[in-house]
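Asker: Data file final.txt (compact mmCIF, C-alpha atoms) is appended below.
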```txt
# COMPACT_ATOMS: atom_id res chain seq x y z
CA MET O 66 0.00 0.00 0.00
CA ASN O 67 1.34 3.42 -0.96
CA PHE O 68 1.88 6.10 1.65
CA PRO O 69 -1.04 8.52 1.28
CA THR O 70 -0.21 11.85 -0.32
CA GLU O 71 -0.25 14.89 1.94
CA GLY O 72 -3.17 16.28 -0.06
CA THR O 73 -5.26 13.18 0.69
CA LEU O 74 -4.37 13.36 4.39
CA ARG O 75 -5.22 17.05 4.53
CA ARG O 76 -8.59 16.52 2.88
CA ILE O 77 -9.50 13.72 5.31
CA ILE O 78 -8.26 15.80 8.28
CA ALA O 79 -10.43 18.75 7.19
CA PHE O 80 -13.45 16.46 6.78
CA VAL O 81 -13.05 14.72 10.17
CA ALA O 82 -12.34 18.03 11.92
CA ALA O 83 -15.52 19.48 10.38
CA LEU O 84 -17.46 16.53 11.82
CA GLY O 85 -15.80 17.21 15.18
CA ILE O 86 -16.83 20.88 15.06
CA GLY O 87 -20.42 19.71 14.47
CA VAL O 88 -20.39 17.24 17.38
CA ALA O 89 -18.74 19.67 19.85
CA THR O 90 -21.10 22.48 18.79
CA TYR O 91 -24.08 20.21 19.35
CA ILE O 92 -22.87 19.33 22.87
CA ALA O 93 -22.24 23.00 23.69
CA ILE O 94 -25.67 24.09 22.42
CA ALA O 95 -27.44 21.21 24.18
CA ASP O 96 -25.74 22.28 27.41
CA SER O 97 -26.50 25.97 27.15
CA GLY O 98 -29.88 25.97 25.43
CA GLY O 99 -31.49 22.91 26.95
CA GLY O 100 -33.32 24.92 29.60
CA ALA O 101 -32.56 24.54 33.26
CA PRO O 102 -30.40 21.52 34.05
CA ALA O 103 -31.99 18.58 35.82
CA CYS O 104 -31.04 15.10 36.97
CA LEU O 105 -32.93 12.54 34.90
CA ALA O 106 -33.62 8.86 35.39
CA GLY O 107 -31.40 6.06 34.13
CA GLY O 108 -30.27 5.85 30.54
CA GLY O 109 -29.70 9.60 30.46
CA GLY O 110 -25.94 9.20 30.20
CA CYS O 111 -25.50 12.58 28.55
CA GLU O 112 -27.53 14.36 31.24
CA THR O 113 -25.51 12.67 33.96
CA VAL O 114 -22.23 13.58 32.27
CA ALA O 115 -23.38 17.14 31.52
CA ASN O 116 -24.56 17.62 35.10
CA SER O 117 -21.35 16.29 36.61
CA THR O 118 -18.77 18.63 38.05
CA TYR O 119 -16.34 17.53 35.33
CA SER O 120 -18.34 19.04 32.47
CA HIS O 121 -17.06 22.57 33.12
CA VAL O 122 -13.58 23.91 33.68
CA ALA O 123 -13.46 27.38 35.25
CA GLY O 124 -17.13 27.80 34.43
CA VAL O 125 -16.61 27.05 30.74
CA ASN O 126 -18.27 24.03 29.15
CA ILE O 127 -15.48 21.73 27.96
CA ALA O 128 -17.30 21.39 24.62
CA ILE O 129 -16.18 24.98 23.92
CA PHE O 130 -12.56 23.83 24.25
CA GLY O 131 -13.44 21.02 21.87
CA ILE O 132 -14.78 23.45 19.27
CA VAL O 133 -11.63 25.58 19.52
CA GLY O 134 -9.43 22.49 19.10
CA TYR O 135 -11.35 21.14 16.10
CA VAL O 136 -11.38 24.55 14.40
CA GLY O 137 -7.62 24.81 14.93
CA ILE O 138 -7.04 21.36 13.41
CA PHE O 139 -9.42 22.20 10.55
CA LEU O 140 -7.41 25.34 9.75
CA THR O 141 -4.05 23.51 9.78
CA ALA O 142 -5.35 21.30 6.96
CA PHE O 143 -5.33 24.34 4.65
CA PHE O 144 -1.64 25.10 5.01
CA VAL O 145 1.29 23.14 3.70
CA ASN O 146 4.23 23.88 5.92
CA ASP O 147 5.87 22.46 9.01
CA LEU O 148 4.08 24.88 11.33
CA ALA O 149 0.70 23.57 10.13
CA ARG O 150 1.90 19.93 10.29
CA PHE O 151 3.23 20.30 13.82
CA GLY O 152 0.34 22.55 14.93
CA GLY O 153 -2.22 20.04 13.73
CA PHE O 154 -0.32 17.22 15.41
CA ALA O 155 0.01 19.12 18.71
CA LEU O 156 -3.69 20.08 18.81
CA ALA O 157 -4.80 16.54 17.94
CA LEU O 158 -2.39 15.10 20.52
CA GLY O 159 -3.76 17.42 23.22
CA GLY O 160 -7.32 16.62 22.20
CA PHE O 161 -6.61 12.90 22.15
CA GLY O 162 -4.98 13.00 25.61
CA TYR O 163 -7.90 15.00 27.02
CA SER O 164 -10.36 12.56 25.41
CA VAL O 165 -8.58 9.64 27.11
CA TYR O 166 -8.88 11.45 30.46
CA LEU O 167 -12.57 12.27 29.88
CA THR O 168 -13.35 8.70 28.87
CA TYR O 169 -11.67 7.54 32.09
CA LEU O 170 -13.88 9.97 34.05
CA GLU O 171 -17.02 8.76 32.28
CA ILE O 172 -16.32 5.10 32.96
CA PHE O 173 -14.81 5.20 36.44
CA LYS O 174 -15.96 8.42 38.10
CA ILE O 175 -19.25 9.58 36.59
CA GLU O 176 -20.20 6.00 35.71
CA ALA O 177 -22.25 7.13 32.73
CA ILE O 178 -21.49 7.17 29.03
CA CYS O 179 -22.61 9.95 26.73
CA GLN O 180 -22.68 8.86 23.08
CA TRP O 181 -21.83 12.38 21.87
CA CYS O 182 -18.71 12.47 24.05
CA VAL O 183 -17.74 9.03 22.73
CA ALA O 184 -18.25 10.28 19.15
CA SER O 185 -15.97 13.24 19.85
CA ALA O 186 -13.33 10.97 21.42
CA VAL O 187 -13.39 8.68 18.36
CA LEU O 188 -13.06 11.64 15.97
CA MET O 189 -10.17 13.07 17.99
CA THR O 190 -8.44 9.68 17.96
CA ILE O 191 -8.76 9.51 14.16
CA LEU O 192 -7.44 13.07 13.86
CA PHE O 193 -4.47 12.21 16.07
CA ALA O 194 -3.62 9.22 13.85
CA LEU O 195 -4.00 11.28 10.66
CA ASN O 196 -1.96 14.23 11.92
CA ALA O 197 0.76 11.91 13.26
CA THR O 198 0.91 10.23 9.84
CA ARG O 199 1.12 13.63 8.16
CA LEU O 200 3.90 14.85 10.44
CA ILE O 201 5.97 11.65 10.24
CA GLY O 202 5.52 11.43 6.48
CA TYR O 203 5.97 15.04 5.48
CA ALA O 204 7.89 16.94 8.20
CA GLY O 205 10.64 18.91 6.49
CA VAL O 206 9.09 18.64 3.03
CA GLY O 207 8.95 22.05 1.31
CA ASN O 208 10.35 25.23 2.77
CA GLY O 209 7.11 26.32 4.26
CA THR O 210 6.62 29.26 1.94
CA GLY O 211 6.13 27.55 -1.39
CA PRO O 212 2.85 26.85 -3.13
CA GLU O 213 0.61 24.04 -1.99
CA ARG O 214 1.98 20.66 -3.00
CA ALA O 215 -0.84 18.18 -2.86
CA ASP O 216 1.29 15.53 -4.54
CA ALA O 217 4.30 15.89 -2.26
CA LYS O 218 6.16 12.67 -1.61
CA PRO O 219 6.93 11.45 1.91
CA ALA O 220 10.27 12.66 3.29
CA MET J 45 31.62 29.40 -21.17
CA SER J 46 31.44 25.72 -20.40
CA ASN J 47 33.51 26.28 -17.24
CA LYS J 48 31.09 28.94 -16.13
CA ARG J 49 28.10 26.67 -16.80
CA GLU J 50 29.74 23.87 -14.83
CA ARG J 51 30.44 26.18 -11.92
CA GLU J 52 26.80 27.26 -11.89
CA LYS J 53 25.66 23.66 -12.04
CA ARG J 54 27.94 22.73 -9.13
CA ARG J 55 26.67 25.74 -7.17
CA GLU J 56 23.05 24.68 -7.75
CA GLU J 57 23.84 21.13 -6.69
CA ARG J 58 25.55 22.41 -3.54
CA LEU J 59 22.56 24.64 -2.70
CA GLN J 60 20.19 21.74 -3.24
CA GLU J 61 22.26 19.52 -0.97
CA GLU J 62 22.39 22.23 1.67
CA SER J 63 18.63 22.70 1.39
CA LYS J 64 18.11 18.95 1.70
CA ALA J 65 20.37 18.84 4.74
CA GLY J 66 18.47 21.79 6.24
CA ALA J 67 15.15 20.08 5.63
CA GLY J 68 16.51 16.89 7.17
CA GLU J 69 17.62 18.77 10.25
CA ARG J 70 14.26 20.52 10.52
CA ARG J 71 12.48 17.20 10.14
CA THR J 72 14.58 15.57 12.88
CA ARG J 73 13.97 18.51 15.19
CA LEU J 74 10.21 18.46 14.57
CA LEU J 75 9.97 14.73 15.20
CA GLN J 76 11.97 15.15 18.42
CA PHE J 77 9.52 17.86 19.53
CA ALA J 78 6.62 15.58 18.61
CA ALA J 79 8.05 12.69 20.64
CA ALA J 80 8.60 15.01 23.62
CA ALA J 81 5.01 16.28 23.29
CA VAL J 82 3.70 12.70 23.27
CA PHE J 83 5.60 11.90 26.49
CA LEU J 84 4.38 15.14 28.06
CA VAL J 85 0.74 14.40 27.23
CA ILE J 86 1.03 10.81 28.53
CA ALA J 87 2.51 12.17 31.78
CA VAL J 88 -0.20 14.84 32.18
CA VAL J 89 -3.02 12.33 31.53
CA LEU J 90 -1.52 9.88 34.03
CA VAL J 91 -1.19 12.62 36.67
CA LEU J 92 -4.80 13.72 36.11
CA ILE J 93 -6.02 10.13 36.44
CA VAL J 94 -3.99 9.54 39.62
CA VAL J 95 -5.17 12.84 41.15
CA ASN J 96 -8.80 11.91 40.40
CA SER J 97 -8.56 8.28 41.40
CA GLY J 98 -9.02 9.08 45.09
CA SER J 99 -12.27 9.53 46.91
CA ASN J 100 -15.56 9.84 45.07
CA GLY J 101 -16.56 12.54 47.53
CA GLY J 102 -18.95 11.76 50.32
CA ASP J 103 -16.12 11.60 52.85
CA ALA J 104 -17.72 10.57 56.16
CA GLU J 105 -14.60 11.43 58.13
CA ASN J 106 -14.21 14.95 56.84
CA LEU J 107 -17.63 16.57 56.76
CA THR J 108 -17.71 20.18 55.71
CA GLY J 109 -20.29 22.90 56.08
CA VAL J 110 -21.76 22.10 59.52
CA ALA J 111 -21.49 25.74 60.65
CA GLU J 112 -22.90 27.12 57.37
CA VAL J 113 -25.90 24.80 57.58
CA ASP J 114 -26.58 25.87 61.18
CA GLU J 115 -26.42 29.48 60.10
CA LEU J 116 -28.70 28.88 57.10
CA VAL J 117 -31.59 27.12 58.82
CA GLY J 118 -30.91 27.83 62.50
CA GLY J 119 -33.76 29.61 64.27
CA ILE J 120 -36.36 28.70 61.64
CA PRO J 121 -39.12 26.37 62.84
CA GLN J 122 -39.22 22.99 61.13
CA GLN J 123 -41.25 19.86 61.30
CA ALA J 124 -40.56 16.68 59.35
CA LEU J 125 -39.05 18.06 56.09
CA VAL J 126 -40.99 21.33 56.22
CA LEU J 127 -38.92 24.42 56.92
CA GLY J 128 -40.63 27.59 58.03
CA ASP J 129 -43.72 28.82 59.81
CA PRO J 130 -46.30 26.01 59.62
CA LYS J 131 -48.99 28.70 59.21
CA ALA J 132 -47.31 30.30 56.17
CA LYS J 133 -49.88 30.70 53.40
CA VAL J 134 -47.59 29.66 50.60
CA GLU J 135 -45.57 26.49 50.34
CA LEU J 136 -42.74 25.89 47.94
CA VAL J 137 -42.21 22.18 47.40
CA GLU J 138 -38.98 20.72 46.07
CA TYR J 139 -39.02 17.23 44.64
CA GLY J 140 -35.42 16.16 44.93
CA ASP J 141 -33.05 13.24 45.08
CA LEU J 142 -30.19 13.48 47.55
CA GLN J 143 -27.84 11.93 45.00
CA CYS J 144 -28.68 14.53 42.33
CA PRO J 145 -25.79 16.93 41.62
CA VAL J 146 -28.13 19.60 40.26
CA CYS J 147 -30.13 19.47 43.52
CA LYS J 148 -26.84 20.13 45.31
CA THR J 149 -26.29 23.19 43.12
CA TYR J 150 -29.80 24.44 43.88
CA SER J 151 -29.34 23.74 47.56
CA GLU J 152 -26.16 25.80 47.65
CA LYS J 153 -26.90 28.57 45.14
CA PHE J 154 -30.70 29.04 45.11
CA LEU J 155 -32.23 27.98 48.40
CA PRO J 156 -30.19 30.26 50.70
CA SER J 157 -31.67 33.34 49.05
CA ILE J 158 -35.21 31.89 49.10
CA ILE J 159 -34.82 30.87 52.75
CA GLU J 160 -33.53 34.33 53.68
CA ASN J 161 -36.09 36.35 51.70
CA LYS J 162 -39.23 34.25 51.95
CA VAL J 163 -38.97 31.53 54.60
CA ARG J 164 -37.27 33.22 57.54
CA ASN J 165 -39.84 36.05 57.50
CA GLY J 166 -42.74 33.60 57.49
CA GLU J 167 -44.01 34.39 53.99
CA ALA J 168 -43.57 30.83 52.79
CA LYS J 169 -42.58 27.42 53.99
CA LEU J 170 -40.18 25.20 52.13
CA VAL J 171 -41.02 21.52 51.77
CA PHE J 172 -38.62 18.81 50.60
CA ARG J 173 -40.17 15.68 49.15
CA ASN J 174 -38.05 12.76 48.09
CA PHE J 175 -38.27 11.76 44.44
CA ALA J 176 -35.75 8.98 44.99
CA PHE J 177 -35.14 7.59 41.53
CA LEU J 178 -31.51 8.01 40.58
CA GLY J 179 -30.06 4.89 42.16
CA GLU J 180 -30.37 2.25 44.84
CA GLN J 181 -28.88 4.49 47.54
CA SER J 182 -31.37 7.29 46.78
CA PRO J 183 -34.29 5.83 48.80
CA THR J 184 -32.07 4.91 51.76
CA ALA J 185 -30.58 8.41 51.80
CA GLY J 186 -34.08 9.86 51.51
CA ALA J 187 -35.39 7.77 54.41
CA ALA J 188 -32.40 8.88 56.51
CA ALA J 189 -33.41 12.52 55.93
CA VAL J 190 -37.06 11.79 56.79
CA ALA J 191 -35.94 10.06 60.00
CA ALA J 192 -33.78 13.08 60.88
CA GLY J 193 -36.85 15.22 60.24
CA ALA J 194 -38.70 13.24 62.90
CA GLN J 195 -36.17 14.61 65.38
CA GLY J 196 -36.44 18.17 64.09
CA ARG J 197 -33.16 18.09 62.15
CA GLY J 198 -34.47 17.28 58.67
CA TRP J 199 -33.28 20.43 56.91
CA GLU J 200 -29.89 20.30 58.59
CA TYR J 201 -29.67 16.73 57.28
CA LEU J 202 -30.64 17.68 53.71
CA GLU J 203 -28.34 20.68 53.50
CA LEU J 204 -25.38 18.91 55.10
CA PHE J 205 -25.86 15.90 52.81
CA TYR J 206 -25.74 18.15 49.74
CA LYS J 207 -22.67 19.98 51.01
CA ASN J 208 -20.86 16.65 51.30
CA GLN J 209 -22.45 14.89 48.35
CA GLY J 210 -20.27 12.41 46.46
CA VAL J 211 -20.35 11.26 42.85
CA GLU J 212 -23.79 10.02 41.83
CA ASN J 213 -24.25 6.28 42.31
CA SER J 214 -20.62 5.72 43.28
CA GLY J 215 -21.72 3.94 46.46
CA TYR J 216 -20.59 6.66 48.88
CA ALA J 217 -23.99 7.02 50.60
CA ASP J 218 -23.45 4.00 52.81
CA ASP J 219 -24.39 3.57 56.49
CA GLU J 220 -21.18 5.22 57.66
CA PHE J 221 -21.77 8.31 55.52
CA LEU J 222 -25.47 8.59 56.42
CA THR J 223 -24.62 8.30 60.12
CA ALA J 224 -21.88 10.91 59.88
CA ILE J 225 -24.37 13.31 58.27
CA ALA J 226 -26.91 12.59 61.04
CA GLU J 227 -24.31 13.34 63.70
CA GLY J 228 -23.17 16.49 61.89
CA ALA J 229 -26.79 17.59 61.46
CA GLY J 230 -27.31 17.38 65.21
CA VAL J 231 -29.70 14.41 65.31
CA LYS J 232 -29.81 13.75 69.05
CA ASP J 233 -30.89 10.13 69.29
CA ILE J 234 -28.76 8.36 66.71
CA SER J 235 -29.90 4.85 67.66
CA LYS J 236 -33.56 5.85 67.27
CA TRP J 237 -32.75 7.56 63.98
CA ASN J 238 -30.98 4.40 62.86
CA GLU J 239 -34.01 2.30 63.70
CA ASP J 240 -36.45 4.80 62.18
CA ARG J 241 -34.70 5.17 58.84
CA LYS J 242 -34.94 1.44 58.20
CA GLY J 243 -38.53 1.11 59.39
CA ALA J 244 -41.53 0.84 57.09
CA LYS J 245 -42.94 4.20 58.24
CA PHE J 246 -40.06 6.22 56.85
CA THR J 247 -39.09 4.09 53.86
CA GLY J 248 -42.80 4.04 53.00
CA GLU J 249 -42.87 7.85 53.17
CA VAL J 250 -40.07 8.00 50.56
CA ASP J 251 -41.98 5.59 48.32
CA ARG J 252 -45.13 7.65 48.75
CA THR J 253 -43.56 10.98 47.75
CA THR J 254 -41.73 9.31 44.86
CA GLU J 255 -45.03 7.94 43.55
CA GLU J 256 -46.67 11.32 44.10
CA ALA J 257 -43.95 12.99 41.99
CA GLN J 258 -44.44 10.44 39.22
CA GLN J 259 -48.18 11.02 39.26
CA LEU J 260 -47.58 14.76 38.97
CA GLY J 261 -45.48 14.10 35.88
CA VAL J 262 -42.14 14.97 37.46
CA THR J 263 -39.35 13.48 35.33
CA GLY J 264 -36.22 15.08 36.74
CA THR J 265 -34.86 16.71 39.86
CA PRO J 266 -35.01 19.27 41.26
CA THR J 267 -38.58 20.07 40.29
CA PHE J 268 -40.40 22.74 42.24
CA ALA J 269 -44.10 23.22 42.87
CA VAL J 270 -45.98 25.97 44.64
CA LYS J 271 -49.24 26.03 46.57
CA GLY J 272 -51.04 29.04 47.96
CA PRO J 273 -54.32 30.94 48.09
CA SER J 274 -53.96 31.99 44.44
CA THR J 275 -53.03 28.60 43.00
CA ASN J 276 -55.19 25.73 41.94
CA GLY J 277 -53.79 23.28 44.47
CA LEU J 278 -50.17 22.26 44.03
CA GLU J 279 -48.86 23.74 40.78
CA ILE J 280 -45.63 22.51 39.23
CA ILE J 281 -43.33 25.38 38.30
CA GLY J 282 -40.50 23.16 37.02
CA THR J 283 -36.88 24.02 37.63
CA PRO J 284 -36.52 27.79 38.07
CA SER J 285 -33.51 29.32 36.37
CA SER J 286 -32.91 31.77 39.20
CA PRO J 287 -33.88 32.22 42.86
CA GLY J 288 -35.79 35.35 41.76
CA GLU J 289 -38.02 33.22 39.54
CA ALA J 290 -38.93 30.99 42.48
CA GLU J 291 -39.54 34.04 44.69
CA GLU J 292 -41.85 35.51 42.05
CA ALA J 293 -43.79 32.24 41.97
CA ILE J 294 -44.17 32.48 45.75
CA ASP J 295 -45.39 36.09 45.44
CA SER J 296 -47.99 35.21 42.81
CA ALA J 297 -49.21 32.23 44.82
CA GLY J 298 -49.73 34.35 47.95
```
Here is a file; write its structure as structure tokens.
Answerer:
Amino acid sequence: MNFPTEGTLRRIIAFVAALGIGVATYIAIADSGGGAPACLAGGGGCETVANSTYSHVAGVNIAIFGIVGYVGIFLTAFFVNDLARFGGFALALGGFGYSVYLTYLEIFKIEAICQWCVASAVLMTILFALNATRLIGYAGVGNGTGPERADAKPA
Amino acid sequence: MSNKREREKRREERLQEESKAGAGERRTRLLQFAAAAVFLVIAVVLVLIVVNSGSNGGDAENLTGVAEVDELVGGIPQQALVLGDPKAKVELVEYGDLQCPVCKTYSEKFLPSIIENKVRNGEAKLVFRNFAFLGEQSPTAGAAAVAAGAQGRGWEYLELFYKNQGVENSGYADDEFLTAIAEGAGVKDISKWNEDRKGAKFTGEVDRTTEEAQQLGVTGTPTFAVKGPSTNGLEIIGTPSSPGEAEEAIDSAG
């Protein structure tokens, strides 16, 4: 199997990040616009997770951080230089690490699973794999100021 | 001419090699940064997990908020889980589950203002009714509060429980925790309380209010209802988004 071209990786990264923006935006809107919060009976994994103390950091819904991260990764897919490659990798790595921590909290502390949080964690894991592939394959390719090279070969 | 062309060719080749070497160096440096970042993230995640792997809250040995609770409800008459002047025309009823984290938030952020502005002056009485549905420790915790209410310390029990609430359904609300709350709430006869909370009278009371909430269409906690001269019996007002909203409901019911 051939190593994917950077153009292919960038297109998939942009697509997956766009999905991530959608999921994180949904979670943020559901949290802020869903009326007053309430504890609901079993099966309401998302309510339990959203009502837990872990759903906000410094008063900010963590979905907002998710949106910022996905938008950042989305933007890096439009640039072909080492800053974009490393920036995308770093954001996806941070997002992946945070997703691992949040999944731990869901399973062992909150003891409830929210399907939207799981969807976001899966998307962030895919983005981490894609951005790592992009960085390993193409770091150092091009001088960072040249035109877009969708057909660039791995370094 | 050919010498000059060869020199230019060699120069170009040298520049290309230098550029390649530069790119190689940049690549190595970037991958080193990436590896360091991976190790850093692994370390941070592990630290976060270790820091959070301790208690699930609900620490029976380190209760907090005893003084605040005394200050909040001290001096206000109470009977069973009714706080305030029994003759008050308006009653604000909260259907709650002691394990519910949102009820904790309401207990700490909303009720103090309502108690201060409407209950302490005798305008309204505040009634807690168990809607114990979140987990298997919810009814036992609810019955413990009702039993504390039988000794005139029901609201101290509720408020102190919320102040020390652990993670929902993590198993923290065991006998040791419930007893520590009873002691902190000032329940005088602990052995009677212990007997009462397991007896059919008090567990039945929790079942009764839970059924009542279901019949009223309550689906989540906390849900508030108000009753007064201007209401048609007990009217559900839902979950107010501010203490002011609940106080307005009390005013219109009076």
Asker: Name the closest residue to chain O among the candidates J:Leu59, J:Leu125, J:Leu84, J:Ala229; distances are taken between atoms, counting all atoms listed in the file.
Answerer: J:Leu84
Asker: Based on all atoms listed in the file, which of the residues in chain J come within 9 Å of chain O? I want them as a PyMOL selection string.
Answerer: chain J and resi 63-64+66-72+74-75+77-78+81-82+85-86+88-90+92-93+96-97+100+141+144-147+177-179+211-214+263-267+282-285
Asker: Which residues are near range 271-279 of chain J? Cut-off 12 Å, all atoms listed in the file, ignore same chain within fewer than 6 positions. Put them as a VMD selection string.
Answerer: chain J and resid 131 to 138 167 to 171 256 to 257 260 to 262 293 to 298
Asker: Counting all atoms listed in the file, find the residues whose atoms lie at most 12 Å from (-37.3, 37.3, 50.2) (file coordinates) and write them out as a list of chain:residue names.
Answerer: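 Here is the list of nearby residues: J:Phe154, J:Leu155, J:Pro156, J:Ser157, J:Ile158, J:Ile159, J:Glu160, J:Asn161, J:Lys162, J:Val163, J:Arg164, J:Asn165, J:Gly166, J:Glu167, J:Ala168, J:Lys169, J:Pro287, J:Gly288, J:Glu289, J:Ala290, J:Glu291, J:Glu292, J:Ala293, J:Ile294, J:Asp295.
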Asker: Would you work out the distance separating CA of Glu200 in chain J from CA of Ala226 in chain J, expressed in Å to one decimal?
Answerer: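 Atom-to-atom, CA of Glu200 in chain J and CA of Ala226 in chain J are spaced 8.6 Å apart.
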Asker: Skip Gly193 in chain J itself and residues of its chain fewer than 4 positions away, then list as a PyMOL selection string all residues within 6 Å of it, counting only C-alpha atoms.
Answerer: chain J and resi 124-125+197-198
Asker: Please measure the separation of CA of Glu61 in chain J and CA of Asn196 in chain O, giving the value in Å to one decimal.
Answerer: 27.9 Å
